[in-house]
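Student: The structure follows.
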Amino acid sequence: VANGQSVVSVSDGPDDAQALLDLDAEAKAAGVTVLAGAGFMPGLSCVLVRHAAEVFDHVEEIHVAKSGAGGPACARQYHAALGQTAQRWDGGWQRDRGGSGRELMWFPDPVASQDCYRGALPDAVLLRAAFPETDRIDARMAANRRDRFTMRLPMLRPPHRPEGGIGAVRIEVWGRRGAARDVVVFGAVDRPSVAAGAVAAVAAVEIARGSAARPGAHSVAELLTDSGAFLAELARRGVRAAVFEGERSALARPAALDDRAP
């Protein structure tokens, strides 16, 4: 920032995300863009939230969840996050014990159903900056019994694969269209490292071109002006999303999303 260069960060650490957002004044003074959380979740999840929010007059609730890690460093961060204090927005900032808030989440196949829990995730802070009028924002991460049993211990065995396997993100947005209240659920399945790389690359290109360049520090959801075009470019690079078409959803499928349903 001091050198007059824009920054795109893929970190999913809460402290990193807050530190990047705190650079807002310096970034504006330097005329550069600082983009925080441009990875898998946050990142791809933020793009999907922005896309879902566009069909509502008012967004009331945002819930995001993820499963899977992108590699050894990501796996260590994932493990640490599960055992640390979680932060969510519910009319004010609330703090919860890591590993609490169990909820069964359905991701697109082949990940399917996973028990998900709260953890030290930056998503609520990043999404709150983009949707300041939203009533509730929270984030969860998938974990099995072994994960929860060891979550407050150091990772005893190093990750055995150089790159993580398949992962998934799921976003659920509640809002109002006129007098009606409805929900949109989007999801995506991919290797987290591949999806994170694609999101960061597309964001960096858009900032360099000037189409997404805005001085200051922002989240992906806050910076995007055309989520449909962003999703279309991700799809061109092989990262595709899906819409859940349940009985509660009377909304049309966004053109940028795949036909595959979670």
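The chains in the structure tokens are called A, B, ... from first to last as shown; in each chain the residues are counted from 1, and the ligands are counted from 1 in the order shown.
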Just want the 8 Å neighbourhood of Ala2 (chain A), counted on only C-alpha atoms, with same-chain residues fewer than 3 positions away dropped. Output as a ChimeraX atom specification.
Tutor: /A:5,26,30
Student: Grab the residues selected above and save them as a PDB file, in the first residue's frame with all heavy atoms.
Tutor:
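See selection.pdb below for the written result:
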```
ATOM      1  N   GLN A   5       0.655   0.110  -4.475  1.00  0.00           N
ATOM      2  CA  GLN A   5       0.247  -1.111  -5.162  1.00  0.00           C
ATOM      3  C   GLN A   5      -0.987  -1.711  -4.487  1.00  0.00           C
ATOM      4  O   GLN A   5      -1.073  -1.753  -3.263  1.00  0.00           O
ATOM      5  CB  GLN A   5       1.390  -2.136  -5.145  1.00  0.00           C
ATOM      6  CG  GLN A   5       2.632  -1.665  -5.903  1.00  0.00           C
ATOM      7  CD  GLN A   5       3.791  -2.633  -5.744  1.00  0.00           C
ATOM      8  OE1 GLN A   5       3.907  -3.298  -4.722  1.00  0.00           O
ATOM      9  NE2 GLN A   5       4.650  -2.692  -6.748  1.00  0.00           N
ATOM     10  N   GLU A  26      -5.406   4.240   4.802  1.00  0.00           N
ATOM     11  CA  GLU A  26      -4.129   4.310   4.083  1.00  0.00           C
ATOM     12  C   GLU A  26      -4.304   3.967   2.608  1.00  0.00           C
ATOM     13  O   GLU A  26      -3.682   4.586   1.735  1.00  0.00           O
ATOM     14  CB  GLU A  26      -3.114   3.359   4.712  1.00  0.00           C
ATOM     15  CG  GLU A  26      -2.609   3.785   6.090  1.00  0.00           C
ATOM     16  CD  GLU A  26      -3.483   3.281   7.219  1.00  0.00           C
ATOM     17  OE1 GLU A  26      -4.667   2.966   6.979  1.00  0.00           O
ATOM     18  OE2 GLU A  26      -2.985   3.216   8.357  1.00  0.00           O
ATOM     19  N   ALA A  30      -3.591   6.339  -0.630  1.00  0.00           N
ATOM     20  CA  ALA A  30      -2.653   5.922  -1.671  1.00  0.00           C
ATOM     21  C   ALA A  30      -3.341   5.674  -3.005  1.00  0.00           C
ATOM     22  O   ALA A  30      -2.667   5.468  -4.023  1.00  0.00           O
ATOM     23  CB  ALA A  30      -1.921   4.656  -1.227  1.00  0.00           C
TER      24      ALA A  30
END
```
Student: Determine, counting only C-alpha atoms, which protein, DNA and RNA residues have an atom within 9 Å of an atom of Gly70 (chain A); residues of the same chain fewer than 2 positions away are not included. Present the result as a compact mmCIF listing (two decimals) with C-alpha atoms, in the first residue's frame.
Tutor:
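Below is the file selection_38.txt, written as the result:
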```txt
# COMPACT_ATOMS: atom_id res chain seq x y z
CA PHE A 40 -12.54 -20.23 -1.13
CA GLY A 68 -12.40 -29.09 3.08
CA PRO A 72 -1.13 -28.44 4.66
CA ALA A 73 -1.09 -24.78 5.73
CA CYS A 74 -4.81 -24.51 5.08
CA ALA A 75 -5.46 -27.71 7.05
CA PRO A 162 0.44 -31.83 -0.54
CA GLU A 163 -2.95 -30.62 -1.76
CA GLY A 164 -6.33 -31.01 -0.16
CA GLY A 165 -9.07 -33.10 -1.71
CA ILE A 166 -12.54 -32.03 -2.72
CA GLY A 167 -14.23 -29.31 -0.71
CA ARG A 191 -10.67 -28.41 -4.69
CA PRO A 192 -10.40 -25.44 -2.31
CA SER A 193 -6.92 -24.54 -3.56
CA VAL A 194 -8.11 -24.43 -7.19
CA ALA A 196 -9.25 -19.98 -4.18
```
Student: Show me, as JSON lines, the residues of region 39-80 of chain A having an atom within 6 Å of region 116-139 of chain A, each with the closest atom pair and its distance in Å, using only C-alpha atoms.
Tutor:
```
{"residue": "A:Pro42", "atom": "CA", "partner": "A:Asp123", "partner_atom": "CA", "distance": 5.8}
{"residue": "A:Val59", "atom": "CA", "partner": "A:Thr134", "partner_atom": "CA", "distance": 5.7}
{"residue": "A:Glu60", "atom": "CA", "partner": "A:Thr134", "partner_atom": "CA", "distance": 4.8}
{"residue": "A:Glu61", "atom": "CA", "partner": "A:Arg136", "partner_atom": "CA", "distance": 4.7}
{"residue": "A:Ile62", "atom": "CA", "partner": "A:Ile137", "partner_atom": "CA", "distance": 4.8}
{"residue": "A:His63", "atom": "CA", "partner": "A:Asp138", "partner_atom": "CA", "distance": 5.2}
{"residue": "A:Val64", "atom": "CA", "partner": "A:Ala139", "partner_atom": "CA", "distance": 4.8}
{"residue": "A:Ala65", "atom": "CA", "partner": "A:Ala139", "partner_atom": "CA", "distance": 5.5}
```
Student: Run DSSP on the backbone and give me the residues of region 14-68 of chain A it puts in alpha helix (DSSP H), as an MDAnalysis selection string.
Tutor: chainID A and resid 14:21 24:30 44:53
Student: Using DSSP on the backbone, list every residue of region 65-94 of chain A that comes out as strand (DSSP E), and give them as a list in words.
Tutor: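 Checking each residue of region 65-94 of chain A, the strand (DSSP E) ones are Ala65, Lys66, Ser67, Ala86, Gln87, Arg88, Trp89, Asp90, Trp93 and Gln94 of chain A.
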Student: Could you save those same residues with N, CA, C and O atoms as an mmCIF file, in the first residue's frame?
Tutor:
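Okay, this is what ended up in again_9.cif:
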```
data_model
loop_
_atom_site.group_PDB
_atom_site.id
_atom_site.type_symbol
_atom_site.label_atom_id
_atom_site.label_comp_id
_atom_site.auth_asym_id
_atom_site.auth_seq_id
_atom_site.Cartn_x
_atom_site.Cartn_y
_atom_site.Cartn_z
ATOM 1 N N ALA A 65 -21.122 -21.688 5.038
ATOM 2 C CA ALA A 65 -20.462 -22.864 5.600
ATOM 3 C C ALA A 65 -19.481 -23.425 4.585
ATOM 4 O O ALA A 65 -19.650 -23.243 3.371
ATOM 5 N N LYS A 66 -18.465 -24.124 5.087
ATOM 6 C CA LYS A 66 -17.477 -24.716 4.187
ATOM 7 C C LYS A 66 -17.048 -26.083 4.686
ATOM 8 O O LYS A 66 -17.181 -26.414 5.873
ATOM 9 N N SER A 67 -16.507 -26.855 3.757
ATOM 10 C CA SER A 67 -15.933 -28.161 4.062
ATOM 11 C C SER A 67 -14.680 -28.325 3.222
ATOM 12 O O SER A 67 -14.677 -27.996 2.037
ATOM 13 N N ALA A 86 -15.469 -18.053 18.113
ATOM 14 C CA ALA A 86 -16.147 -17.621 16.897
ATOM 15 C C ALA A 86 -16.826 -16.278 17.113
ATOM 16 O O ALA A 86 -17.206 -15.929 18.234
ATOM 17 N N GLN A 87 -16.980 -15.539 16.036
ATOM 18 C CA GLN A 87 -17.649 -14.242 16.083
ATOM 19 C C GLN A 87 -18.768 -14.225 15.049
ATOM 20 O O GLN A 87 -18.579 -14.627 13.905
ATOM 21 N N ARG A 88 -19.948 -13.757 15.450
ATOM 22 C CA ARG A 88 -21.077 -13.654 14.530
ATOM 23 C C ARG A 88 -21.851 -12.382 14.830
ATOM 24 O O ARG A 88 -21.715 -11.786 15.907
ATOM 25 N N TRP A 89 -22.668 -11.983 13.861
ATOM 26 C CA TRP A 89 -23.484 -10.786 14.020
ATOM 27 C C TRP A 89 -24.927 -11.195 14.255
ATOM 28 O O TRP A 89 -25.508 -11.940 13.468
ATOM 29 N N ASP A 90 -25.522 -10.721 15.348
ATOM 30 C CA ASP A 90 -26.930 -10.981 15.649
ATOM 31 C C ASP A 90 -27.495 -9.756 16.355
ATOM 32 O O ASP A 90 -27.714 -9.756 17.566
ATOM 33 N N TRP A 93 -22.378 -7.752 17.939
ATOM 34 C CA TRP A 93 -21.370 -8.799 17.850
ATOM 35 C C TRP A 93 -21.502 -9.781 19.011
ATOM 36 O O TRP A 93 -21.560 -9.377 20.172
ATOM 37 N N GLN A 94 -21.568 -11.054 18.661
ATOM 38 C CA GLN A 94 -21.670 -12.133 19.634
ATOM 39 C C GLN A 94 -20.449 -13.040 19.497
ATOM 40 O O GLN A 94 -19.935 -13.243 18.396
#
```
Student: With only C-alpha atoms as the atoms that count, which of A:Pro110, A:Gly210, A:Gly101, A:Gly13 lies nearest to Arg76 (chain A)?
Tutor: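 The shortest atom-to-atom distance to Arg76 (chain A) comes from A:Gly13.
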Student: What does the structure give for the distance between CA of Val173 (chain A) and CA of Gly99 (chain A), in Å to one decimal?
Tutor: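 So the answer is 22.7 Å.
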Student: Considering only C-alpha atoms, return as a list in words whatever protein or nucleic-acid residues lie within 12 Å of Val205 (chain A), sequence-local ones (same chain, fewer than 5 positions apart) excluded.
Tutor: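 Non-adjacent residues within range: Ser6, Val7, Val8, Ala198, Val199, Ala200, Gly210, Ser211, Ala212, Ala213, Phe230 and Glu233 of chain A.
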Student: Measuring atom to atom with only C-alpha atoms, identify which of A:Val185, A:Pro14, A:Ala179, A:His51 is nearest to Ala229 (chain A).
Tutor: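 Counting only C-alpha atoms, the residue closest to Ala229 (chain A) is A:His51.
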Student: Give one line per residue of region 8-115 of chain A that approaches region 219-228 of chain A to at most 8 Å, naming the two atoms of the closest pair and their distance in Å to one decimal, counting only C-alpha atoms; sort by chain then ascending residue number and deliver it as CSV.
Tutor:
```
residue,atom,partner,partner_atom,distance
A:Leu35,CA,A:Ser219,CA,5.7
A:Ala36,CA,A:Ser219,CA,5.1
A:Gly37,CA,A:Ser219,CA,6.4
A:Ala38,CA,A:Val220,CA,6.2
A:Gly43,CA,A:Val220,CA,6.2
A:Cys46,CA,A:Ala221,CA,5.0
A:Val47,CA,A:Ala221,CA,5.8
A:Leu48,CA,A:Ser227,CA,7.7
A:Val49,CA,A:Ala221,CA,7.1
A:Arg50,CA,A:Ala221,CA,5.4
A:His51,CA,A:Ser227,CA,5.4
```
Student: Closest to Ile171 (chain A) among A:Val10, A:Met105, A:Val202, A:Leu23, using only C-alpha atoms?
Tutor: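 Ranked by minimum distance to Ile171 (chain A), first place goes to A:Met105.
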Student: Could you check which of A:Val32, A:Ala112, A:Ala52, A:Ala17 is closest to Asn3 (chain A), using only C-alpha atoms?
Tutor: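 Answer, going by the shortest atom-to-atom distance: A:Val32.
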